[in-house]
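Text of the file protein21.tsv, holding TSV, C-alpha atoms and all ligand atoms:
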```tsv
chain	number	residue	atom	x	y	z
A	17	MET	CA	20.72	23.56	3.31
A	18	CYS	CA	17.87	22.11	5.25
A	19	ARG	CA	18.23	18.56	6.26
A	20	HIS	CA	14.60	17.81	5.82
A	21	VAL	CA	12.90	15.84	8.49
A	22	TYR	CA	9.41	14.98	7.45
A	23	THR	CA	6.28	14.26	9.30
A	24	GLU	CA	3.77	12.32	7.32
A	25	ALA	CA	0.02	12.73	7.34
A	26	VAL	CA	-2.63	10.97	5.35
A	27	LYS	CA	-4.57	13.63	3.57
A	28	LYS	CA	-7.00	11.48	1.70
A	29	SER	CA	-7.80	7.83	1.54
A	30	TYR	CA	-9.82	6.44	-1.31
A	31	TYR	CA	-10.36	3.46	-3.50
A	32	ASP	CA	-8.78	3.64	-6.92
A	33	ASN	CA	-11.16	2.03	-9.35
A	34	ASN	CA	-8.65	1.91	-12.18
A	35	LEU	CA	-6.04	0.05	-10.24
A	36	GLN	CA	-8.57	-1.67	-8.04
A	37	CYS	CA	-6.73	-1.07	-4.85
A	38	ARG	CA	-6.81	1.35	-1.98
A	39	ALA	CA	-4.86	4.53	-2.36
A	40	GLU	CA	-3.73	7.14	0.07
A	41	ILE	CA	-2.54	10.63	-0.59
A	42	ARG	CA	0.10	11.39	1.98
A	43	VAL	CA	1.59	14.78	2.58
A	44	ARG	CA	4.99	14.98	4.13
A	45	THR	CA	5.94	18.23	5.73
A	46	CYS	CA	9.44	19.13	6.79
A	47	ILE	CA	9.40	20.12	10.42
A	48	PHE	CA	12.20	22.62	9.85
A	49	CYS	CA	11.45	24.53	6.66
A	50	GLY	CA	7.88	23.53	5.97
A	51	LYS	CA	8.64	21.98	2.60
A	52	LYS	CA	5.81	19.78	1.47
A	53	GLU	CA	5.88	16.69	-0.63
A	54	LYS	CA	2.84	14.92	-1.85
A	55	GLU	CA	2.91	11.24	-2.36
A	56	THR	CA	0.28	8.82	-3.55
A	57	VAL	CA	0.61	5.39	-2.09
A	58	TYR	CA	-1.21	2.43	-3.52
A	59	MET	CA	-1.88	-0.41	-1.20
A	60	LYS	CA	-2.39	-3.48	-3.21
A	61	ASP	CA	-4.06	-6.24	-1.45
A	62	PRO	CA	-1.93	-9.29	-1.11
A	63	PRO	CA	-2.34	-11.40	-4.21
A	64	LYS	CA	-5.11	-13.80	-3.93
A	65	ARG	CA	-3.70	-17.19	-3.43
A	66	LYS	CA	-5.23	-20.19	-4.91
A	67	LEU	CA	-6.25	-22.61	-2.31
A	68	PRO	CA	-3.88	-25.52	-2.13
A	69	LYS	CA	-5.20	-28.53	-3.81
A	70	PHE	CA	-5.97	-31.34	-1.55
A	71	ILE	CA	-4.50	-34.45	-2.92
A	72	LYS	CA	-6.41	-37.48	-2.01
A	73	HIS	CA	-4.14	-40.19	-0.93
A	74	ASP	CA	-5.64	-43.49	-1.54
A	75	LEU	CA	-4.50	-45.43	1.46
A	76	SER	CA	-6.62	-48.45	0.85
A	77	ASP	CA	-4.23	-50.31	-1.33
B	101	ZN	ZN	13.40	21.16	5.30
```
Translate this structure into structure tokens?
Amino acid sequence: MCRHVYTEAVKKSYYDNNLQCRAEIRVRTCIFCGKKEKETVYMKDPPKRKLPKFIKHDLSD
């Protein structure tokens, strides 16, 4: 049994229009037996935060 140790390389990087995020196809290759695994990784942008509301403090009371 091979105890796979993988090296990872980005094969392709593109923008996924359906999911509206960047995607990378990564290929992991075992350095011992050469087994390859393909993995698609989606990198969602951090969710857009709403700007905090500025509460006006009326200090002139
Ligand atoms: Zn292996």
Surrounding residues as a PyMOL selection string, ligand ZN 101 (chain B), max 8 Å, all atoms listed in the file: chain A and resi 17-22+46-51
Store the residues of this selection in a file with C-alpha atoms, as a PDB file, in the frame of the given file.
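Writing the result to out21.pdb gives the following:
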```pdb
ATOM      1  CA  MET A  17      20.720  23.560   3.310  1.00  0.00           C
ATOM      2  CA  CYS A  18      17.870  22.110   5.250  1.00  0.00           C
ATOM      3  CA  ARG A  19      18.230  18.560   6.260  1.00  0.00           C
ATOM      4  CA  HIS A  20      14.600  17.810   5.820  1.00  0.00           C
ATOM      5  CA  VAL A  21      12.900  15.840   8.490  1.00  0.00           C
ATOM      6  CA  TYR A  22       9.410  14.980   7.450  1.00  0.00           C
ATOM      7  CA  CYS A  46       9.440  19.130   6.790  1.00  0.00           C
ATOM      8  CA  ILE A  47       9.400  20.120  10.420  1.00  0.00           C
ATOM      9  CA  PHE A  48      12.200  22.620   9.850  1.00  0.00           C
ATOM     10  CA  CYS A  49      11.450  24.530   6.660  1.00  0.00           C
ATOM     11  CA  GLY A  50       7.880  23.530   5.970  1.00  0.00           C
ATOM     12  CA  LYS A  51       8.640  21.980   2.600  1.00  0.00           C
TER      13      LYS A  51
END
```
Between atom CA of A:Ile41 and atom CA of A:Thr56, distance in Å (one decimal): 4.5 Å
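Here the residues that fall within 6 Å of (-1.8, 6.5, 3.8), using all atoms listed in the file, are given as Val26, Glu40 and Arg42 of chain A.
Comparing A:Ser29, A:Ser76, A:Gln36, A:Thr45 by their smallest distance to A:Val57, the closest is A:Ser29 (using only C-alpha atoms).
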Quick one: axis-aligned box around all listed atoms of stretch 27-46 of chain A, 8 Å on every side, centre and edge lengths in Å to one decimal, written as JSON.
```
{"center_x": -0.9, "center_y": 8.7, "center_z": -2.7, "size_x": 36.6, "size_y": 36.8, "size_z": 35.0}
```
Between atom CA of A:Glu55 and atom CA of A:Cys37 - distance in Å to one decimal: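 About the pair atom CA of A:Cys37 and atom CA of A:Glu55: they are 15.8 Å apart.
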